[in-house]
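**Student:** This is run.tsv, which holds TSV, N, CA and C atoms:
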```tsv
chain	number	residue	atom	x	y	z
A	2	MET	N	45.43	-55.27	-25.40
A	2	MET	CA	44.65	-55.67	-24.25
A	2	MET	C	43.96	-54.47	-23.61
A	3	GLU	N	44.65	-53.34	-23.58
A	3	GLU	CA	44.09	-52.13	-22.96
A	3	GLU	C	42.89	-51.60	-23.75
A	4	THR	N	42.94	-51.67	-25.07
A	4	THR	CA	41.82	-51.16	-25.86
A	4	THR	C	40.57	-52.03	-25.66
A	5	ARG	N	40.78	-53.33	-25.48
A	5	ARG	CA	39.64	-54.20	-25.23
A	5	ARG	C	38.98	-53.86	-23.90
A	6	ARG	N	39.79	-53.60	-22.89
A	6	ARG	CA	39.26	-53.23	-21.58
A	6	ARG	C	38.50	-51.91	-21.66
A	7	GLU	N	39.03	-50.95	-22.39
A	7	GLU	CA	38.34	-49.66	-22.57
A	7	GLU	C	37.04	-49.84	-23.31
A	8	ALA	N	37.02	-50.74	-24.30
A	8	ALA	CA	35.79	-51.00	-25.05
A	8	ALA	C	34.73	-51.63	-24.15
A	9	VAL	N	35.13	-52.56	-23.31
A	9	VAL	CA	34.18	-53.20	-22.40
A	9	VAL	C	33.66	-52.19	-21.39
A	10	THR	N	34.55	-51.35	-20.86
A	10	THR	CA	34.14	-50.33	-19.90
A	10	THR	C	33.19	-49.32	-20.56
A	11	GLY	N	33.49	-48.91	-21.78
A	11	GLY	CA	32.61	-47.98	-22.50
A	11	GLY	C	31.25	-48.57	-22.79
A	12	THR	N	31.24	-49.84	-23.19
A	12	THR	CA	29.97	-50.51	-23.45
A	12	THR	C	29.15	-50.66	-22.17
A	13	ALA	N	29.82	-51.00	-21.08
A	13	ALA	CA	29.11	-51.12	-19.80
A	13	ALA	C	28.57	-49.76	-19.36
A	14	GLY	N	29.34	-48.70	-19.56
A	14	GLY	CA	28.86	-47.35	-19.22
A	14	GLY	C	27.66	-46.95	-20.06
A	15	PHE	N	27.71	-47.25	-21.35
A	15	PHE	CA	26.59	-46.94	-22.23
A	15	PHE	C	25.34	-47.72	-21.83
A	16	ALA	N	25.51	-49.01	-21.55
A	16	ALA	CA	24.37	-49.83	-21.13
A	16	ALA	C	23.80	-49.33	-19.81
A	17	THR	N	24.67	-48.90	-18.92
A	17	THR	CA	24.21	-48.34	-17.64
A	17	THR	C	23.40	-47.07	-17.86
A	18	ALA	N	23.88	-46.20	-18.75
A	18	ALA	CA	23.16	-44.95	-19.02
A	18	ALA	C	21.80	-45.21	-19.66
A	19	VAL	N	21.74	-46.15	-20.59
A	19	VAL	CA	20.47	-46.48	-21.24
A	19	VAL	C	19.50	-47.08	-20.23
A	20	LEU	N	19.98	-47.98	-19.40
A	20	LEU	CA	19.12	-48.57	-18.37
A	20	LEU	C	18.63	-47.51	-17.39
A	21	GLY	N	19.52	-46.59	-17.00
A	21	GLY	CA	19.12	-45.50	-16.12
A	21	GLY	C	18.07	-44.60	-16.74
A	22	ALA	N	18.21	-44.32	-18.04
A	22	ALA	CA	17.22	-43.49	-18.73
A	22	ALA	C	15.86	-44.19	-18.77
A	23	LEU	N	15.87	-45.49	-19.00
A	23	LEU	CA	14.60	-46.24	-19.01
A	23	LEU	C	13.97	-46.27	-17.62
A	24	VAL	N	14.78	-46.40	-16.59
A	24	VAL	CA	14.25	-46.36	-15.22
A	24	VAL	C	13.69	-44.97	-14.92
A	25	GLY	N	14.37	-43.92	-15.39
A	25	GLY	CA	13.87	-42.56	-15.20
A	25	GLY	C	12.50	-42.36	-15.83
A	26	ILE	N	12.32	-42.88	-17.02
A	26	ILE	CA	11.00	-42.78	-17.68
A	26	ILE	C	9.97	-43.60	-16.93
A	27	ALA	N	10.35	-44.78	-16.45
A	27	ALA	CA	9.41	-45.61	-15.70
A	27	ALA	C	8.98	-44.93	-14.40
A	28	VAL	N	9.90	-44.23	-13.76
A	28	VAL	CA	9.56	-43.49	-12.54
A	28	VAL	C	8.66	-42.31	-12.87
A	29	TRP	N	8.91	-41.64	-13.99
A	29	TRP	CA	8.15	-40.45	-14.37
A	29	TRP	C	6.76	-40.80	-14.92
A	30	PHE	N	6.59	-41.98	-15.49
A	30	PHE	CA	5.36	-42.31	-16.23
A	30	PHE	C	4.07	-42.10	-15.44
A	31	PRO	N	3.96	-42.53	-14.18
A	31	PRO	CA	2.68	-42.29	-13.47
A	31	PRO	C	2.34	-40.80	-13.37
A	32	TYR	N	3.33	-39.96	-13.08
A	32	TYR	CA	3.09	-38.52	-13.03
A	32	TYR	C	2.75	-38.00	-14.42
A	33	GLY	N	3.50	-38.41	-15.40
A	33	GLY	CA	3.28	-37.92	-16.76
A	33	GLY	C	1.90	-38.26	-17.29
A	34	ARG	N	1.45	-39.47	-16.99
A	34	ARG	CA	0.11	-39.87	-17.44
A	34	ARG	C	-0.97	-39.00	-16.80
A	35	ARG	N	-0.84	-38.75	-15.48
A	35	ARG	CA	-1.82	-37.89	-14.80
A	35	ARG	C	-1.73	-36.47	-15.30
A	36	GLY	N	-0.52	-35.99	-15.55
A	36	GLY	CA	-0.34	-34.61	-16.00
A	36	GLY	C	-0.84	-34.37	-17.40
A	37	LEU	N	-0.74	-35.39	-18.25
A	37	LEU	CA	-1.19	-35.23	-19.62
A	37	LEU	C	-2.71	-35.28	-19.74
A	38	SER	N	-3.34	-36.14	-18.97
A	38	SER	CA	-4.79	-36.30	-19.14
A	38	SER	C	-5.60	-35.85	-17.93
A	39	GLY	N	-4.94	-35.33	-16.88
A	39	GLY	CA	-5.67	-35.02	-15.67
A	39	GLY	C	-6.00	-33.56	-15.49
A	40	ALA	N	-5.80	-32.74	-16.50
A	40	ALA	CA	-6.07	-31.32	-16.37
A	40	ALA	C	-7.58	-31.05	-16.46
A	41	PHE	N	-7.96	-29.83	-16.21
A	41	PHE	CA	-9.37	-29.43	-16.19
A	41	PHE	C	-10.01	-29.66	-17.55
A	42	GLU	N	-11.12	-30.36	-17.59
A	42	GLU	CA	-11.90	-30.65	-18.79
A	42	GLU	C	-11.06	-31.30	-19.89
A	43	GLY	N	-10.18	-32.20	-19.52
A	43	GLY	CA	-9.40	-32.94	-20.50
A	43	GLY	C	-8.28	-32.16	-21.15
A	44	GLU	N	-8.01	-30.96	-20.68
A	44	GLU	CA	-6.92	-30.15	-21.24
A	44	GLU	C	-5.59	-30.82	-20.92
A	45	THR	N	-4.70	-30.88	-21.89
A	45	THR	CA	-3.40	-31.49	-21.65
A	45	THR	C	-2.38	-30.43	-21.26
A	46	ALA	N	-1.42	-30.84	-20.48
A	46	ALA	CA	-0.34	-29.95	-20.06
A	46	ALA	C	0.90	-30.34	-20.86
A	47	ALA	N	1.19	-29.59	-21.90
A	47	ALA	CA	2.29	-29.92	-22.80
A	47	ALA	C	3.65	-29.84	-22.11
A	48	ARG	N	3.77	-28.97	-21.11
A	48	ARG	CA	5.07	-28.85	-20.44
A	48	ARG	C	5.43	-30.13	-19.72
A	49	VAL	N	4.43	-30.91	-19.32
A	49	VAL	CA	4.70	-32.18	-18.68
A	49	VAL	C	5.45	-33.09	-19.65
A	50	LEU	N	5.05	-33.09	-20.89
A	50	LEU	CA	5.70	-33.92	-21.89
A	50	LEU	C	6.99	-33.28	-22.39
A	51	LEU	N	6.95	-31.99	-22.69
A	51	LEU	CA	8.12	-31.33	-23.27
A	51	LEU	C	9.27	-31.16	-22.29
A	52	LEU	N	8.98	-31.01	-21.01
A	52	LEU	CA	10.04	-30.87	-20.01
A	52	LEU	C	10.25	-32.15	-19.20
A	53	GLY	N	9.20	-32.87	-18.95
A	53	GLY	CA	9.30	-34.05	-18.10
A	53	GLY	C	10.11	-35.17	-18.70
A	54	VAL	N	9.88	-35.47	-19.96
A	54	VAL	CA	10.60	-36.57	-20.60
A	54	VAL	C	12.11	-36.30	-20.66
A	55	PRO	N	12.54	-35.14	-21.16
A	55	PRO	CA	14.00	-34.91	-21.18
A	55	PRO	C	14.63	-34.87	-19.79
A	56	VAL	N	13.95	-34.26	-18.82
A	56	VAL	CA	14.51	-34.20	-17.47
A	56	VAL	C	14.66	-35.61	-16.89
A	57	MET	N	13.68	-36.45	-17.07
A	57	MET	CA	13.76	-37.80	-16.51
A	57	MET	C	14.71	-38.69	-17.30
A	58	LEU	N	14.81	-38.51	-18.61
A	58	LEU	CA	15.80	-39.26	-19.38
A	58	LEU	C	17.21	-38.90	-18.93
A	59	LEU	N	17.48	-37.61	-18.89
A	59	LEU	CA	18.81	-37.16	-18.48
A	59	LEU	C	19.09	-37.47	-17.01
A	60	GLY	N	18.09	-37.28	-16.17
A	60	GLY	CA	18.26	-37.56	-14.75
A	60	GLY	C	18.51	-39.03	-14.48
A	61	GLY	N	17.77	-39.90	-15.13
A	61	GLY	CA	17.97	-41.34	-14.95
A	61	GLY	C	19.33	-41.79	-15.44
A	62	ALA	N	19.73	-41.29	-16.61
A	62	ALA	CA	21.05	-41.65	-17.14
A	62	ALA	C	22.16	-41.10	-16.25
A	63	THR	N	22.00	-39.88	-15.78
A	63	THR	CA	23.03	-39.28	-14.91
A	63	THR	C	23.13	-40.01	-13.59
A	64	ALA	N	22.01	-40.37	-13.00
A	64	ALA	CA	22.04	-41.12	-11.74
A	64	ALA	C	22.73	-42.47	-11.92
A	65	ALA	N	22.44	-43.14	-13.02
A	65	ALA	CA	23.09	-44.43	-13.28
A	65	ALA	C	24.59	-44.25	-13.49
A	66	LEU	N	24.98	-43.19	-14.18
A	66	LEU	CA	26.41	-42.97	-14.40
A	66	LEU	C	27.13	-42.56	-13.12
A	67	VAL	N	26.43	-41.89	-12.20
A	67	VAL	CA	27.03	-41.59	-10.89
A	67	VAL	C	27.35	-42.90	-10.18
A	68	LEU	N	26.40	-43.82	-10.17
A	68	LEU	CA	26.65	-45.12	-9.54
A	68	LEU	C	27.76	-45.89	-10.25
A	69	PHE	N	27.78	-45.82	-11.56
A	69	PHE	CA	28.82	-46.50	-12.34
A	69	PHE	C	30.20	-45.94	-12.01
A	70	ALA	N	30.30	-44.63	-11.91
A	70	ALA	CA	31.58	-44.00	-11.57
A	70	ALA	C	32.00	-44.35	-10.15
A	71	LEU	N	31.05	-44.41	-9.23
A	71	LEU	CA	31.38	-44.77	-7.85
A	71	LEU	C	31.84	-46.22	-7.75
A	72	VAL	N	31.20	-47.11	-8.47
A	72	VAL	CA	31.60	-48.51	-8.46
A	72	VAL	C	33.03	-48.67	-9.02
A	73	ARG	N	33.35	-47.88	-10.02
A	73	ARG	CA	34.69	-47.95	-10.62
A	73	ARG	C	35.73	-47.20	-9.78
A	74	GLY	N	35.30	-46.49	-8.74
A	74	GLY	CA	36.23	-45.76	-7.90
A	74	GLY	C	36.67	-44.43	-8.46
A	75	ARG	N	35.91	-43.88	-9.37
A	75	ARG	CA	36.22	-42.57	-9.99
A	75	ARG	C	35.43	-41.51	-9.25
A	76	TRP	N	36.05	-40.91	-8.23
A	76	TRP	CA	35.35	-39.99	-7.35
A	76	TRP	C	35.10	-38.64	-7.99
A	77	ARG	N	36.07	-38.09	-8.70
A	77	ARG	CA	35.87	-36.77	-9.31
A	77	ARG	C	34.78	-36.77	-10.37
A	78	PRO	N	34.79	-37.71	-11.32
A	78	PRO	CA	33.66	-37.74	-12.25
A	78	PRO	C	32.32	-37.96	-11.56
A	79	ALA	N	32.33	-38.77	-10.49
A	79	ALA	CA	31.08	-39.02	-9.76
A	79	ALA	C	30.56	-37.74	-9.13
A	80	LEU	N	31.47	-36.93	-8.57
A	80	LEU	CA	31.05	-35.66	-7.97
A	80	LEU	C	30.52	-34.69	-9.03
A	81	GLY	N	31.15	-34.65	-10.18
A	81	GLY	CA	30.66	-33.79	-11.27
A	81	GLY	C	29.29	-34.22	-11.76
A	82	LEU	N	29.11	-35.52	-11.92
A	82	LEU	CA	27.81	-36.04	-12.34
A	82	LEU	C	26.76	-35.81	-11.27
A	83	LEU	N	27.15	-35.91	-10.01
A	83	LEU	CA	26.22	-35.65	-8.92
A	83	LEU	C	25.78	-34.18	-8.92
A	84	ALA	N	26.71	-33.27	-9.23
A	84	ALA	CA	26.34	-31.85	-9.34
A	84	ALA	C	25.37	-31.64	-10.51
A	85	ALA	N	25.61	-32.33	-11.63
A	85	ALA	CA	24.70	-32.23	-12.77
A	85	ALA	C	23.32	-32.79	-12.41
A	86	LEU	N	23.29	-33.87	-11.64
A	86	LEU	CA	22.02	-34.45	-11.20
A	86	LEU	C	21.27	-33.49	-10.28
A	87	ALA	N	22.00	-32.82	-9.40
A	87	ALA	CA	21.37	-31.83	-8.53
A	87	ALA	C	20.80	-30.67	-9.34
A	88	ALA	N	21.51	-30.24	-10.38
A	88	ALA	CA	21.01	-29.17	-11.25
A	88	ALA	C	19.76	-29.61	-12.00
A	89	LEU	N	19.76	-30.83	-12.50
A	89	LEU	CA	18.56	-31.35	-13.19
A	89	LEU	C	17.38	-31.45	-12.24
A	90	THR	N	17.64	-31.86	-11.00
A	90	THR	CA	16.57	-31.95	-10.01
A	90	THR	C	16.01	-30.56	-9.70
A	91	ALA	N	16.88	-29.59	-9.53
A	91	ALA	CA	16.43	-28.22	-9.28
A	91	ALA	C	15.63	-27.69	-10.47
A	92	PHE	N	16.09	-27.97	-11.67
A	92	PHE	CA	15.37	-27.56	-12.87
A	92	PHE	C	13.99	-28.22	-12.92
A	93	GLY	N	13.94	-29.51	-12.62
A	93	GLY	CA	12.67	-30.24	-12.65
A	93	GLY	C	11.67	-29.71	-11.64
A	94	TYR	N	12.11	-29.43	-10.42
A	94	TYR	CA	11.20	-28.87	-9.42
A	94	TYR	C	10.89	-27.41	-9.71
A	95	GLY	N	11.84	-26.69	-10.28
A	95	GLY	CA	11.62	-25.28	-10.60
A	95	GLY	C	10.53	-25.10	-11.65
A	96	PHE	N	10.50	-25.98	-12.63
A	96	PHE	CA	9.48	-25.90	-13.67
A	96	PHE	C	8.31	-26.82	-13.40
A	97	ASP	N	8.21	-27.33	-12.16
A	97	ASP	CA	7.08	-28.15	-11.72
A	97	ASP	C	6.91	-29.41	-12.56
A	98	VAL	N	8.02	-29.97	-13.01
A	98	VAL	CA	7.97	-31.21	-13.77
A	98	VAL	C	8.02	-32.41	-12.84
A	99	LEU	N	8.67	-32.25	-11.69
A	99	LEU	CA	8.83	-33.37	-10.77
A	99	LEU	C	7.85	-33.33	-9.61
A	100	GLY	N	7.06	-32.28	-9.49
A	100	GLY	CA	6.07	-32.19	-8.42
A	100	GLY	C	4.76	-32.82	-8.86
A	101	ALA	N	3.76	-32.67	-8.05
A	101	ALA	CA	2.43	-33.19	-8.41
A	101	ALA	C	1.82	-32.33	-9.51
A	102	PRO	N	1.00	-32.91	-10.37
A	102	PRO	CA	0.36	-32.13	-11.42
A	102	PRO	C	-0.46	-30.98	-10.84
A	103	GLN	N	-0.26	-29.81	-11.37
A	103	GLN	CA	-0.91	-28.60	-10.84
A	103	GLN	C	-2.43	-28.70	-10.95
A	104	ALA	N	-2.93	-29.28	-12.01
A	104	ALA	CA	-4.38	-29.36	-12.19
A	104	ALA	C	-5.02	-30.20	-11.09
A	105	LEU	N	-4.35	-31.25	-10.66
A	105	LEU	CA	-4.91	-32.09	-9.61
A	105	LEU	C	-4.85	-31.40	-8.25
A	106	GLU	N	-3.83	-30.53	-8.04
A	106	GLU	CA	-3.76	-29.78	-6.80
A	106	GLU	C	-4.81	-28.69	-6.73
A	107	ASP	N	-5.13	-28.03	-7.83
A	107	ASP	CA	-6.06	-26.92	-7.87
A	107	ASP	C	-7.52	-27.37	-7.90
A	108	CYS	N	-7.77	-28.57	-8.29
A	108	CYS	CA	-9.13	-29.01	-8.52
A	108	CYS	C	-9.91	-29.17	-7.21
A	109	GLY	N	-9.29	-29.67	-6.19
A	109	GLY	CA	-9.98	-29.83	-4.91
A	109	GLY	C	-10.60	-31.19	-4.75
A	110	PRO	N	-11.50	-31.34	-3.77
A	110	PRO	CA	-12.07	-32.64	-3.45
A	110	PRO	C	-12.89	-33.30	-4.56
A	111	PRO	N	-13.61	-32.57	-5.43
A	111	PRO	CA	-14.41	-33.27	-6.43
A	111	PRO	C	-13.59	-34.10	-7.41
A	112	CYS	N	-12.33	-33.74	-7.58
A	112	CYS	CA	-11.49	-34.48	-8.55
A	112	CYS	C	-11.06	-35.78	-7.95
```
Turn the structure described in the file into structure tokens.
**Tutor:**
Amino acid sequence: METRREAVTGTAGFATAVLGALVGIAVWFPYGRRGLSGAFEGETAARVLLLGVPVMLLGGATAALVLFALVRGRWRPALGLLAALAALTAFGYGFDVLGAPQALEDCGPPC
């Protein structure tokens, strides 16, 4: 009986992480689309794709797992995951993956 409960909990955790990753990509997509095609003279910003997708996949999955751990009453894992989420957020803002596209900020009113 215990192994079945662990299997259901593991499956629910996996489904939560996958759903969180998909939500992370959905949140990132409007920025990513502007960042990929909104640069000066059609130039693409590869860092938006190379850094943005992994940060948002991991961030979305981590945020979902934080909520999953909190719902299950697992405070220590939730705090660890929350620290990982804070590190991912700092990394994303540090490399300008989560901010506004730089090309749109530099272009000025004509854009």
**Student:** Give me the residues near range 12-15 of chain A as a list of chain:residue names, where near means some atom within 12 Å (using only C-alpha atoms) and where sequence neighbours in that chain fewer than 3 positions away do not count.
**Tutor:**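 Here the answer would be A:Arg5, A:Arg6, A:Glu7, A:Ala8, A:Val9, A:Ala18, A:Val19, A:Leu20, A:Gly21, A:Ala22, A:Ala62, A:Thr63, A:Ala64, A:Ala65, A:Leu66, A:Val67, A:Leu68, A:Phe69, A:Ala70, A:Leu71, A:Val72, A:Arg73.
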**Student:** How would you write as a list in words the residues that get within 8 Å of (20.2, -33.9, -15.8) in the file's frame, counting only N, CA and C atoms?
**Tutor:**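 Those residues, ordered by chain and then number, are Pro55, Val56, Met57, Leu58, Leu59, Gly60, Gly61, Ala62, Thr63, Ala64, Ala84, Ala85, Leu86, Ala87, Ala88, Leu89 and Thr90 of chain A.
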**Student:** Work out how far apart CA of Gly95 in chain A and CA of Val54 in chain A are and give it in Å to one decimal.
**Tutor:**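 Distance between the two atoms: 15.1 Å.
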**Student:** Interatomic distance between atom N of Thr4 in chain A and atom C of Leu83 in chain A?
**Tutor:** 29.3 Å
**Student:** Can you work out the spacing between CA of Ala27 in chain A and atom N of Leu82 in chain A in Å, to one decimal?
**Tutor:**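 Value for the CA of Ala27 in chain A-atom N of Leu82 in chain A distance: 22.5 Å.
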